[in-house]
>>> print(open('entry15.cif').read())   # mmCIF, C-alpha atoms and all ligand atoms
data_entry
loop_
_atom_site.label_atom_id
_atom_site.label_comp_id
_atom_site.auth_asym_id
_atom_site.auth_seq_id
_atom_site.Cartn_x
_atom_site.Cartn_y
_atom_site.Cartn_z
CA MET A 8 94.85 117.17 64.04
CA LYS A 9 98.28 118.73 64.38
CA LYS A 10 101.12 117.53 62.21
CA PRO A 11 104.38 116.59 63.89
CA THR A 12 107.14 118.96 62.83
CA THR A 13 110.87 118.74 63.33
CA PRO A 14 111.49 117.81 66.98
CA LYS A 15 113.12 120.51 69.05
CA THR A 16 114.50 119.85 72.51
CA LYS A 17 113.64 121.34 75.88
CA THR A 18 115.42 120.75 79.13
CA SER A 19 113.36 119.58 82.10
CA SER A 20 113.96 121.01 85.56
CA ILE A 21 115.84 117.86 86.59
CA GLY A 22 118.20 118.08 83.66
CA GLN A 23 116.83 115.57 81.12
CA LYS A 24 116.70 116.61 77.45
CA LEU A 25 113.22 115.89 76.17
CA PRO A 26 112.25 116.05 72.48
CA SER A 27 109.61 118.50 71.35
CA ILE A 28 106.92 116.97 69.10
CA TYR A 29 105.02 120.05 68.13
CA ALA A 30 106.63 123.19 66.78
CA ASP A 31 104.29 125.52 68.65
CA GLY A 32 105.14 123.72 71.90
CA SER A 33 101.55 123.86 73.30
CA GLU A 34 101.03 120.16 74.07
CA MET A 35 104.73 119.78 74.57
CA ASP A 36 104.51 121.73 77.84
CA GLU A 37 101.86 119.37 79.16
CA MET A 38 103.92 116.36 78.20
CA LEU A 39 107.05 117.83 79.70
CA LYS A 40 105.28 118.48 82.96
CA MET A 41 104.00 114.93 83.04
CA MET A 42 107.40 113.46 82.29
CA GLU A 43 109.03 115.67 84.88
CA LYS A 44 106.58 114.40 87.41
CA LEU A 45 107.25 110.81 86.40
CA LEU A 46 111.00 111.26 86.54
CA HIS A 47 110.65 112.92 89.88
CA TRP A 48 108.65 109.96 91.25
CA ALA A 49 111.09 107.52 89.67
CA ALA A 50 113.97 109.34 91.41
CA ILE A 51 112.16 109.07 94.76
CA VAL A 52 111.48 105.35 94.26
CA GLU A 53 115.05 104.69 93.18
CA SER A 54 116.60 106.53 96.12
CA SER A 55 114.34 104.98 98.76
CA ASP A 56 115.92 102.79 101.44
CA ASP A 57 112.77 100.65 101.42
CA ALA A 58 112.48 97.90 98.85
CA ILE A 59 109.90 99.04 96.27
CA ILE A 60 108.82 96.39 93.82
CA SER A 61 106.03 96.10 91.30
CA LYS A 62 104.54 92.89 90.08
CA SER A 63 102.04 91.80 87.46
CA ALA A 64 98.56 90.57 88.34
CA ASP A 65 99.80 86.96 88.14
CA GLY A 66 102.68 87.61 90.54
CA TYR A 67 105.73 88.22 88.28
CA ILE A 68 108.19 90.96 89.24
CA THR A 69 108.07 93.90 86.81
CA SER A 70 110.31 96.47 88.54
CA TRP A 71 112.89 96.48 91.29
CA ASN A 72 114.52 99.51 92.95
CA LYS A 73 117.94 99.99 94.64
CA GLY A 74 116.36 99.41 98.07
CA ALA A 75 115.13 95.99 96.88
CA GLN A 76 118.61 95.19 95.55
CA ASN A 77 120.17 96.17 98.89
CA LEU A 78 117.62 94.20 100.90
CA TYR A 79 117.40 90.99 98.89
CA GLY A 80 120.75 91.00 97.04
CA TYR A 81 119.38 90.50 93.49
CA LYS A 82 120.14 92.97 90.68
CA PRO A 83 117.14 94.00 88.54
CA SER A 84 118.52 91.96 85.62
CA GLU A 85 118.52 88.82 87.80
CA ILE A 86 115.02 89.12 89.21
CA VAL A 87 112.69 91.11 86.91
CA GLY A 88 110.45 88.57 85.16
CA LYS A 89 110.74 86.01 87.97
CA PRO A 90 107.77 85.09 90.22
CA VAL A 91 107.68 86.95 93.57
CA SER A 92 107.49 83.57 95.29
CA VAL A 93 111.29 83.26 94.90
CA LEU A 94 111.50 85.74 97.80
CA MET A 95 109.39 83.58 100.08
CA PRO A 96 111.20 81.13 102.35
CA PRO A 97 110.03 77.49 102.10
CA GLY A 98 107.75 77.62 105.18
CA LYS A 99 106.10 80.88 104.11
CA GLN A 100 104.85 80.02 100.64
CA ASP A 101 101.31 80.12 102.02
CA ASP A 102 101.60 83.94 102.10
CA PHE A 103 101.33 84.00 98.34
CA PRO A 104 97.67 82.92 97.91
CA TYR A 105 96.68 85.21 100.81
CA ILE A 106 98.39 88.27 99.31
CA MET A 107 97.15 87.56 95.77
CA GLY A 108 93.61 86.94 97.09
CA GLN A 109 93.57 90.33 98.83
CA LEU A 110 94.92 92.04 95.71
CA HIS A 111 92.40 90.49 93.35
CA ALA A 112 89.69 91.64 95.75
CA GLY A 113 91.13 95.17 95.28
CA LYS A 114 92.31 95.35 98.91
CA LYS A 115 95.49 96.94 100.22
CA ILE A 116 97.65 95.04 102.72
CA GLU A 117 99.28 97.30 105.27
CA HIS A 118 102.28 96.59 107.51
CA TYR A 119 101.91 92.85 107.19
CA GLU A 120 104.79 91.18 109.01
CA THR A 121 106.25 88.11 107.43
CA LYS A 122 109.53 86.47 106.45
CA ARG A 123 111.47 86.71 103.19
CA VAL A 124 114.64 85.08 101.94
CA THR A 125 117.63 86.88 100.37
CA LYS A 126 119.68 85.76 97.39
CA ASP A 127 122.30 84.28 99.73
CA GLY A 128 119.69 82.40 101.77
CA ARG A 129 119.37 84.67 104.84
CA ILE A 130 115.88 84.84 106.35
CA LEU A 131 114.66 88.39 107.04
CA ASP A 132 111.71 89.70 109.03
CA VAL A 133 109.96 92.24 106.83
CA SER A 134 106.96 94.49 107.12
CA ILE A 135 105.22 94.79 103.75
CA THR A 136 102.55 97.04 102.29
CA VAL A 137 101.00 95.88 99.02
CA SER A 138 98.62 98.03 96.95
CA PRO A 139 96.80 97.07 93.75
CA ILE A 140 97.70 98.98 90.55
CA ARG A 141 94.76 99.62 88.22
CA ASP A 142 94.62 100.61 84.56
CA SER A 143 92.57 103.59 83.36
CA SER A 144 89.42 101.44 83.26
CA GLY A 145 89.89 100.29 86.87
CA HIS A 146 91.10 96.74 86.18
CA ILE A 147 93.80 95.44 88.49
CA ILE A 148 96.91 94.96 86.38
CA GLY A 149 99.43 94.41 89.11
CA ALA A 150 100.61 95.57 92.49
CA SER A 151 103.22 97.75 94.12
CA LYS A 152 104.93 96.40 97.17
CA ILE A 153 107.01 98.22 99.77
CA ALA A 154 109.08 96.05 102.10
CA ARG A 155 111.01 97.21 105.15
CA ASP A 156 113.56 95.16 107.03
CA VAL A 157 112.36 94.78 110.65
CA THR A 158 114.70 91.94 111.61
CA GLU A 159 116.43 93.96 114.36
CA ARG A 160 113.16 95.12 115.89
CA VAL A 161 111.71 91.58 115.84
CA GLU A 162 114.88 90.26 117.48
CA TYR A 163 114.69 92.96 120.16
CA GLU A 164 111.03 92.11 120.82
CA ARG A 165 111.86 88.41 121.03
CA ARG A 166 114.53 89.11 123.68
CA ARG A 167 112.18 91.37 125.60
CA ASP A 168 109.44 88.71 125.55
CA ASP A 169 111.96 86.07 126.68
CA PHE A 170 112.97 88.34 129.53
CA VAL A 171 109.36 88.98 130.60
CA SER A 172 108.66 85.26 130.38
CA THR A 173 111.70 84.27 132.48
CA ALA A 174 111.14 87.06 135.01
CA SER A 175 107.49 86.15 135.51
CA HIS A 176 108.35 82.44 135.88
CA GLU A 177 110.96 83.27 138.49
CA LEU A 178 108.56 85.57 140.35
CA LYS A 179 105.67 83.15 140.29
CA THR A 180 107.42 80.26 142.07
CA PRO A 181 108.25 82.08 145.35
CA LEU A 182 104.92 83.91 145.32
CA THR A 183 102.98 80.66 144.99
CA SER A 184 104.80 79.11 147.93
CA GLN A 185 104.38 82.33 149.94
CA LEU A 186 100.62 82.08 149.38
CA ALA A 187 100.56 78.39 150.29
CA PHE A 188 102.33 79.08 153.62
CA GLY A 189 100.12 82.11 154.23
CA GLU A 190 97.00 79.98 153.79
CA LEU A 191 98.45 77.37 156.14
CA LEU A 192 99.03 80.07 158.73
CA GLU A 193 95.43 81.22 158.28
CA GLU A 194 94.21 77.67 158.98
CA MET A 195 96.47 77.38 162.05
CA ILE A 196 95.09 80.66 163.40
CA ASP A 197 91.58 79.28 162.84
CA ARG A 198 92.42 76.16 164.82
CA ASN A 199 94.48 77.41 167.74
CA GLY A 200 95.94 80.85 167.10
CA ASN A 201 95.18 84.37 168.13
CA ALA A 202 92.07 85.41 166.13
CA GLU A 203 93.28 89.01 166.33
CA TYR A 204 95.92 88.24 163.68
CA LYS A 205 93.49 86.69 161.24
CA PRO A 206 92.42 89.86 159.29
CA TYR A 207 96.06 90.80 158.73
CA ILE A 208 97.14 87.43 157.47
CA ARG A 209 94.03 87.31 155.26
CA LYS A 210 94.96 90.69 153.72
CA ILE A 211 98.52 89.47 153.06
CA ASN A 212 97.13 86.38 151.33
CA GLU A 213 94.69 88.43 149.26
CA GLN A 214 97.43 90.75 148.07
CA THR A 215 99.71 87.80 147.27
CA GLY A 216 96.85 86.30 145.25
CA LYS A 217 96.55 89.55 143.28
CA LEU A 218 100.29 89.60 142.65
CA ILE A 219 100.16 86.04 141.34
CA GLY A 220 97.32 87.10 139.01
CA LEU A 221 99.40 89.98 137.62
CA VAL A 222 102.45 87.76 137.15
CA GLU A 223 100.27 85.20 135.34
CA ASP A 224 99.04 87.99 133.03
CA LEU A 225 102.65 88.84 132.21
CA LEU A 226 103.38 85.20 131.49
CA ILE A 227 100.41 84.98 129.15
CA LEU A 228 101.44 88.22 127.46
CA SER A 229 104.95 86.99 126.69
CA ARG A 230 103.56 83.72 125.29
CA LEU A 231 100.96 85.49 123.17
CA ARG A 232 103.49 87.93 121.75
CA GLY A 233 106.05 85.27 121.04
CA GLY A 234 103.39 83.18 119.27
CA ARG A 235 104.26 80.44 121.74
CA LEU A 236 100.83 79.69 123.05
CA PRO A 237 100.16 76.23 121.68
CA ILE A 238 96.53 75.35 121.00
CA GLU A 239 95.36 71.73 121.12
CA ASN A 240 92.87 70.49 118.57
CA LYS A 241 90.61 67.96 120.31
CA LEU A 242 86.88 67.44 120.66
CA PHE A 243 85.52 68.52 124.03
CA SER A 244 82.28 69.29 125.80
CA ILE A 245 81.91 73.07 126.05
CA HIS A 246 79.27 72.74 128.74
CA LYS A 247 81.63 70.69 130.91
CA VAL A 248 84.42 73.24 130.52
CA VAL A 249 82.14 76.13 131.49
CA LYS A 250 80.76 74.15 134.46
CA GLN A 251 84.26 73.33 135.75
CA ALA A 252 85.37 76.97 135.53
CA VAL A 253 82.20 78.08 137.35
CA GLU A 254 82.68 75.49 140.11
CA SER A 255 86.32 76.30 140.76
CA LEU A 256 85.74 80.07 140.82
CA GLN A 257 82.73 79.63 143.10
CA LEU A 258 85.14 78.35 145.78
CA THR A 259 87.03 81.66 145.77
CA THR A 260 84.22 84.24 145.74
CA LYS A 261 81.27 85.46 147.75
CA HIS A 262 79.35 86.14 144.52
CA ASP A 263 76.79 83.51 143.68
CA ILE A 264 77.61 82.18 140.19
CA GLU A 265 74.50 80.80 138.55
CA LEU A 266 74.88 78.50 135.54
CA ARG A 267 71.89 78.31 133.17
CA GLY A 268 71.32 76.37 129.94
CA LYS A 269 73.07 73.33 128.56
CA THR A 270 74.37 71.76 125.38
CA GLU A 271 75.41 68.20 124.67
CA ARG A 272 77.27 69.17 121.49
CA LYS A 273 81.03 69.31 121.29
CA VAL A 274 83.45 71.86 119.92
CA ARG A 275 86.95 71.34 118.61
CA GLY A 276 90.02 72.99 120.09
CA ASP A 277 91.81 73.42 123.37
CA SER A 278 89.59 72.87 126.40
CA ASN A 279 92.19 74.31 128.82
CA ARG A 280 92.49 77.57 126.90
CA ILE A 281 88.70 77.91 126.62
CA GLY A 282 88.52 77.21 130.35
CA GLN A 283 90.99 80.08 130.89
CA VAL A 284 88.77 82.36 128.78
CA VAL A 285 85.72 81.55 130.91
CA THR A 286 87.78 82.01 134.10
CA ASN A 287 89.07 85.40 132.88
CA LEU A 288 85.60 86.65 132.01
CA LEU A 289 84.21 85.38 135.31
CA SER A 290 87.08 86.94 137.30
CA ASN A 291 86.48 90.27 135.56
CA GLY A 292 82.76 89.99 136.30
CA ILE A 293 83.55 89.45 139.99
CA LYS A 294 86.30 92.08 140.11
CA TYR A 295 84.23 94.82 138.46
CA SER A 296 81.06 94.22 140.50
CA PRO A 297 82.19 94.62 144.12
CA LYS A 298 78.75 95.79 145.29
CA ALA A 299 76.78 93.01 143.56
CA ASP A 300 76.40 89.43 144.71
CA LYS A 301 75.52 87.53 141.56
CA ILE A 302 76.99 86.46 138.21
CA VAL A 303 74.85 84.69 135.59
CA VAL A 304 76.50 82.32 133.12
CA LYS A 305 74.47 80.95 130.21
CA VAL A 306 75.23 78.22 127.70
CA ALA A 307 73.08 78.21 124.53
CA GLU A 308 73.03 76.86 120.96
CA LYS A 309 72.56 79.24 118.04
CA ASN A 310 72.94 78.56 114.29
CA GLY A 311 75.61 75.88 114.69
CA PHE A 312 77.48 77.78 117.40
CA ALA A 313 77.74 77.42 121.15
CA VAL A 314 77.09 80.85 122.67
CA ILE A 315 78.36 81.47 126.18
CA SER A 316 77.45 84.61 128.11
CA ILE A 317 78.78 85.90 131.42
CA GLN A 318 76.71 88.63 132.99
CA ASP A 319 77.64 90.79 135.95
CA PHE A 320 75.75 93.58 137.71
CA GLY A 321 78.70 95.83 138.34
CA ILE A 322 80.19 99.12 137.22
CA GLY A 323 79.58 98.52 133.48
CA ILE A 324 81.58 99.90 130.55
CA PRO A 325 80.70 103.19 128.80
CA ASN A 326 79.70 102.74 125.17
CA GLU A 327 82.67 104.69 123.77
CA TYR A 328 85.09 102.02 125.03
CA HIS A 329 83.32 98.98 123.58
CA GLY A 330 85.42 99.07 120.40
CA LYS A 331 88.70 99.27 122.32
CA ILE A 332 88.12 96.95 125.22
CA PHE A 333 89.72 93.90 123.53
CA GLU A 334 92.92 95.73 122.59
CA ARG A 335 96.07 94.74 124.40
CA PHE A 336 96.86 96.99 127.42
CA PHE A 337 93.59 98.87 127.08
CA ARG A 338 92.02 99.73 130.44
CA VAL A 339 89.13 102.04 131.12
CA SER A 340 90.82 104.77 133.13
CA ASP A 341 87.88 106.84 134.38
CA THR A 342 88.07 107.56 138.12
CA ASP A 343 85.73 104.67 139.01
CA GLU A 344 87.92 102.10 137.28
CA ARG A 345 91.37 103.24 138.40
CA THR A 346 91.15 101.48 141.73
CA TYR A 347 90.94 97.99 140.20
CA PRO A 348 94.23 96.14 139.71
CA GLY A 349 95.02 94.83 136.24
CA MET A 350 97.13 95.28 133.15
CA GLY A 351 94.63 95.18 130.30
CA ILE A 352 95.81 91.81 129.01
CA GLY A 353 92.98 89.43 129.95
CA LEU A 354 90.41 90.42 127.33
CA ASN A 355 93.04 90.53 124.61
CA PHE A 356 94.01 86.99 125.55
CA CYS A 357 90.33 85.93 125.40
CA LYS A 358 89.92 87.45 121.92
CA ASP A 359 93.08 85.80 120.64
CA ILE A 360 92.03 82.38 121.92
CA ILE A 361 88.42 82.62 120.69
CA GLU A 362 89.49 83.80 117.23
CA ARG A 363 92.02 80.99 117.00
CA HIS A 364 89.01 78.69 117.54
CA HIS A 365 87.13 80.47 114.68
CA GLY A 366 84.70 82.01 117.14
CA LYS A 367 83.70 85.54 118.08
CA ILE A 368 83.71 87.57 121.28
CA TRP A 369 81.65 90.69 122.03
CA LEU A 370 79.90 92.54 124.83
CA ALA A 371 76.81 94.45 125.83
CA SER A 372 77.27 96.92 128.64
CA LYS A 373 76.18 100.28 130.00
CA LYS A 374 77.99 102.33 132.58
CA GLY A 375 76.54 101.63 136.00
CA GLU A 376 74.33 98.79 134.78
CA GLY A 377 76.70 95.84 134.55
CA SER A 378 78.20 94.00 131.58
CA THR A 379 77.53 90.85 129.62
CA PHE A 380 80.43 89.31 127.73
CA TYR A 381 79.55 86.78 125.03
CA PHE A 382 81.62 84.38 122.99
CA SER A 383 80.62 81.88 120.35
CA LEU A 384 82.41 78.76 119.14
CA PRO A 385 81.43 76.63 116.13
CA PHE A 386 80.18 73.17 117.03
CA ALA A 387 82.24 70.35 115.59
CA HIS A 388 80.56 68.83 112.49
CA GLY A 389 78.25 65.91 112.98
CA LYS A 390 78.36 66.14 116.77
P1 LIG B 401 92.37 94.04 133.40
O1 LIG B 401 93.49 93.19 133.88
O2 LIG B 401 92.69 95.49 133.43
O3 LIG B 401 91.07 93.72 134.06
P2 LIG B 401 91.16 93.10 130.91
O4 LIG B 401 91.81 92.98 129.58
O5 LIG B 401 90.58 91.90 131.51
O6 LIG B 401 92.28 93.72 131.85
O7 LIG B 401 90.05 94.21 130.81
C1 LIG B 401 90.33 95.44 130.15
C2 LIG B 401 89.51 96.55 130.77
O8 LIG B 401 88.13 96.35 130.46
C3 LIG B 401 89.57 96.62 132.28
O9 LIG B 401 90.67 97.39 132.72
C4 LIG B 401 88.25 97.26 132.63
O10 LIG B 401 88.36 98.65 132.52
C5 LIG B 401 87.31 96.76 131.54
N1 LIG B 401 86.50 95.60 131.95
C6 LIG B 401 86.71 94.30 131.63
N2 LIG B 401 85.74 93.51 132.11
C7 LIG B 401 84.88 94.32 132.73
C8 LIG B 401 83.63 94.10 133.43
N3 LIG B 401 83.09 92.89 133.57
N4 LIG B 401 83.01 95.21 133.93
C9 LIG B 401 83.52 96.43 133.79
N5 LIG B 401 84.69 96.71 133.16
C10 LIG B 401 85.36 95.67 132.63
#
>>> encode(input="entry15.cif", output="structure tokens", more="lines below")
Ligand code: ADP
Amino acid sequence: MKKPTTPKTKTSSIGQKLPSIYADGSEMDEMLKMMEKLLHWAAIVESSDDAIISKSADGYITSWNKGAQNLYGYKPSEIVGKPVSVLMPPGKQDDFPYIMGQLHAGKKIEHYETKRVTKDGRILDVSITVSPIRDSSGHIIGASKIARDVTERVEYERRRDDFVSTASHELKTPLTSQLAFGELLEEMIDRNGNAEYKPYIRKINEQTGKLIGLVEDLLILSRLRGGRLPIENKLFSIHKVVKQAVESLQLTTKHDIELRGKTERKVRGDSNRIGQVVTNLLSNGIKYSPKADKIVVKVAEKNGFAVISIQDFGIGIPNEYHGKIFERFFRVSDTDERTYPGMGIGLNFCKDIIERHHGKIWLASKKGEGSTFYFSLPFAHGK
């Protein structure tokens, strides 16, 4: 083992004087390099505009950079040693167990949007990324957290969603009355008008119906994005909801919609929203199978879940799109599909609603062979 001799000094490339431990300087170089690296990283952290914080495994703040001071208003001396929960506004304390749970499971949380409170009580929208910090033996000893202020962006999105919501409301009212009068005219032509006009008025009504569908999609989108889609929590008969959706769509289509299977058991949630899911899946089945004449809907029970399937015999969906089909705005854009109207919102809405009911949604489909969309919902206990 080497004996420490009189320390000399060396100057690192970023100007710090570092003591030399060994006269021959051999290990000193290694140490210098390491310290340079550390100082370099520390300088990056300190100069970052993002708030960079570290915390211990039990959630106490252990370091706090300039960005954090600028964002939250606390100096390091005021906050280091305090629990991170002081940054959480009263309604958002439930973030804490979620974040800590993910960390203890060794998972990283990326771009998680939430709210935080500053020293002077302002509520901020922040996007945070939290990564576990491990010691040399792999144990989690804390976490690093990067927070970015996204308040302006969230405010912009809120205004945009409000605009889309108002615009679609305003558009829907005149369109609905236009369709009602159009249908009246169709009836009058049937009774005593000139039958020559009938195909034209029917086309106008069809197109108005499509426009209303698109405007409704926009309305749903703005509600989904704004988190303003309230969900009821009541017991209801899933079979009844499916049956009602089938019956009302049957009135509007030439396809024969066949309902098979039954369950007496109830699920808990919002029957109207689940009805909308079934209607969306049925409408897609009809829309994407113009050459077929049948849709099969099944209701079944499986391992404590109601499983609903909606099968069409239409254009089908190529395998490579199955993972993307439930993403917002995703549309299959191969030549066959381009002719169908739509905005790629319906399936995303279905997924959102089903997941908010603790269920799952998936599909089986092959290009040219039709599609079957499935969703499952847990049965209410004891029912
Ligand atoms: P859209 O309004 O475009 O129909 P959706 O979110 O309902 O939006 O569907 C997303 C995309 O998935 C559609 O654009 C279409 O390409 C495809 N798709 C959905 N349902 C079916 C189906 N039953 N058969 C074939 N393709 C479908």
>>> residues_near_ligand(input="entry15.cif", ligand="ligand LIG 401 (chain B)", cutoff="7 Å", atoms="all atoms listed in the file", output="ChimeraX atom specification")
/A:287-288,291-292,295-296,319,321-324,332-333,335-340,344,348-355,377-378
>>> residues_around(input="entry15.cif", residues="Ile245 (chain A)", least_positions_apart="5", cutoff="9 Å", atoms="all atoms listed in the file", output="PyMOL selection string")
chain A and resi 250+270-274+278+281-282+306+313+384
>>> closest_residue(input="entry15.cif", among="A:Leu256, A:Val157, A:Ala64, A:Ile147", to="His118 (chain A)", atoms="all atoms listed in the file")
A:Val157
>>> atom_distance(input="entry15.cif", atom1="CA of Asn72 (chain A)", atom2="CA of Asp142 (chain A)")
21.6 Å
>>> residues_near_point(input="entry15.cif", point="(92.8, 87.5, 144.2)", cutoff="12 Å", atoms="only C-alpha atoms", output="list in words")
Leu186, Arg209, Lys210, Ile211, Asn212, Glu213, Gln214, Thr215, Gly216, Lys217, Leu218, Ile219, Gly220, Leu221, Val222, Glu223, Leu256, Thr259, Thr260, Ser290, Asn291, Ile293, Lys294, Tyr347, Pro348 and Gly349 of chain A
>>> write_last_selection(input="entry15.cif", atoms="C-alpha atoms", output="tab-separated table (two decimals), keeping the file's coordinate frame")
chain	number	residue	atom	x	y	z
A	186	LEU	CA	100.62	82.08	149.38
A	209	ARG	CA	94.03	87.31	155.26
A	210	LYS	CA	94.96	90.69	153.72
A	211	ILE	CA	98.52	89.47	153.06
A	212	ASN	CA	97.13	86.38	151.33
A	213	GLU	CA	94.69	88.43	149.26
A	214	GLN	CA	97.43	90.75	148.07
A	215	THR	CA	99.71	87.80	147.27
A	216	GLY	CA	96.85	86.30	145.25
A	217	LYS	CA	96.55	89.55	143.28
A	218	LEU	CA	100.29	89.60	142.65
A	219	ILE	CA	100.16	86.04	141.34
A	220	GLY	CA	97.32	87.10	139.01
A	221	LEU	CA	99.40	89.98	137.62
A	222	VAL	CA	102.45	87.76	137.15
A	223	GLU	CA	100.27	85.20	135.34
A	256	LEU	CA	85.74	80.07	140.82
A	259	THR	CA	87.03	81.66	145.77
A	260	THR	CA	84.22	84.24	145.74
A	290	SER	CA	87.08	86.94	137.30
A	291	ASN	CA	86.48	90.27	135.56
A	293	ILE	CA	83.55	89.45	139.99
A	294	LYS	CA	86.30	92.08	140.11
A	347	TYR	CA	90.94	97.99	140.20
A	348	PRO	CA	94.23	96.14	139.71
A	349	GLY	CA	95.02	94.83	136.24
>>> atom_distance(input="entry15.cif", atom1="CA of Asp57 (chain A)", atom2="CA of Ser151 (chain A)")
12.4 Å
>>> atom_distance(input="entry15.cif", atom1="CA of Leu45 (chain A)", atom2="CA of Ser134 (chain A)")
26.4 Å
>>> closest_residue(input="entry15.cif", among="A:Leu266, A:Val249, A:Ile106, A:Val91", to="Ser70 (chain A)", atoms="all atoms listed in the file")
A:Val91
>>> closest_residue(input="entry15.cif", among="A:Asn279, A:Ser175, A:Thr121, A:Thr69", to="Thr158 (chain A)", atoms="all atoms listed in the file")
A:Thr121
>>> closest_residue(input="entry15.cif", among="A:Val124, A:Leu78, A:Ile238, A:Ile140", to="Val93 (chain A)", atoms="all atoms listed in the file")
A:Val124
>>> residues_around(input="entry15.cif", residues="Asn77 (chain A)", least_positions_apart="6", cutoff="10 Å", atoms="all atoms listed in the file", output="PyMOL selection string")
chain A and resi 56-58+125
>>> residues_near_point(input="entry15.cif", point="(94.7, 80.1, 116.4)", cutoff="12 Å", atoms="all atoms listed in the file", output="list in words")
Leu231, Gly234, Arg235, Leu236, Pro237, Ile238, Glu239, Asn240, Arg275, Gly276, Asp277, Arg280, Phe356, Cys357, Lys358, Asp359, Ile360, Ile361, Glu362, Arg363, His364, His365 and Gly366 of chain A
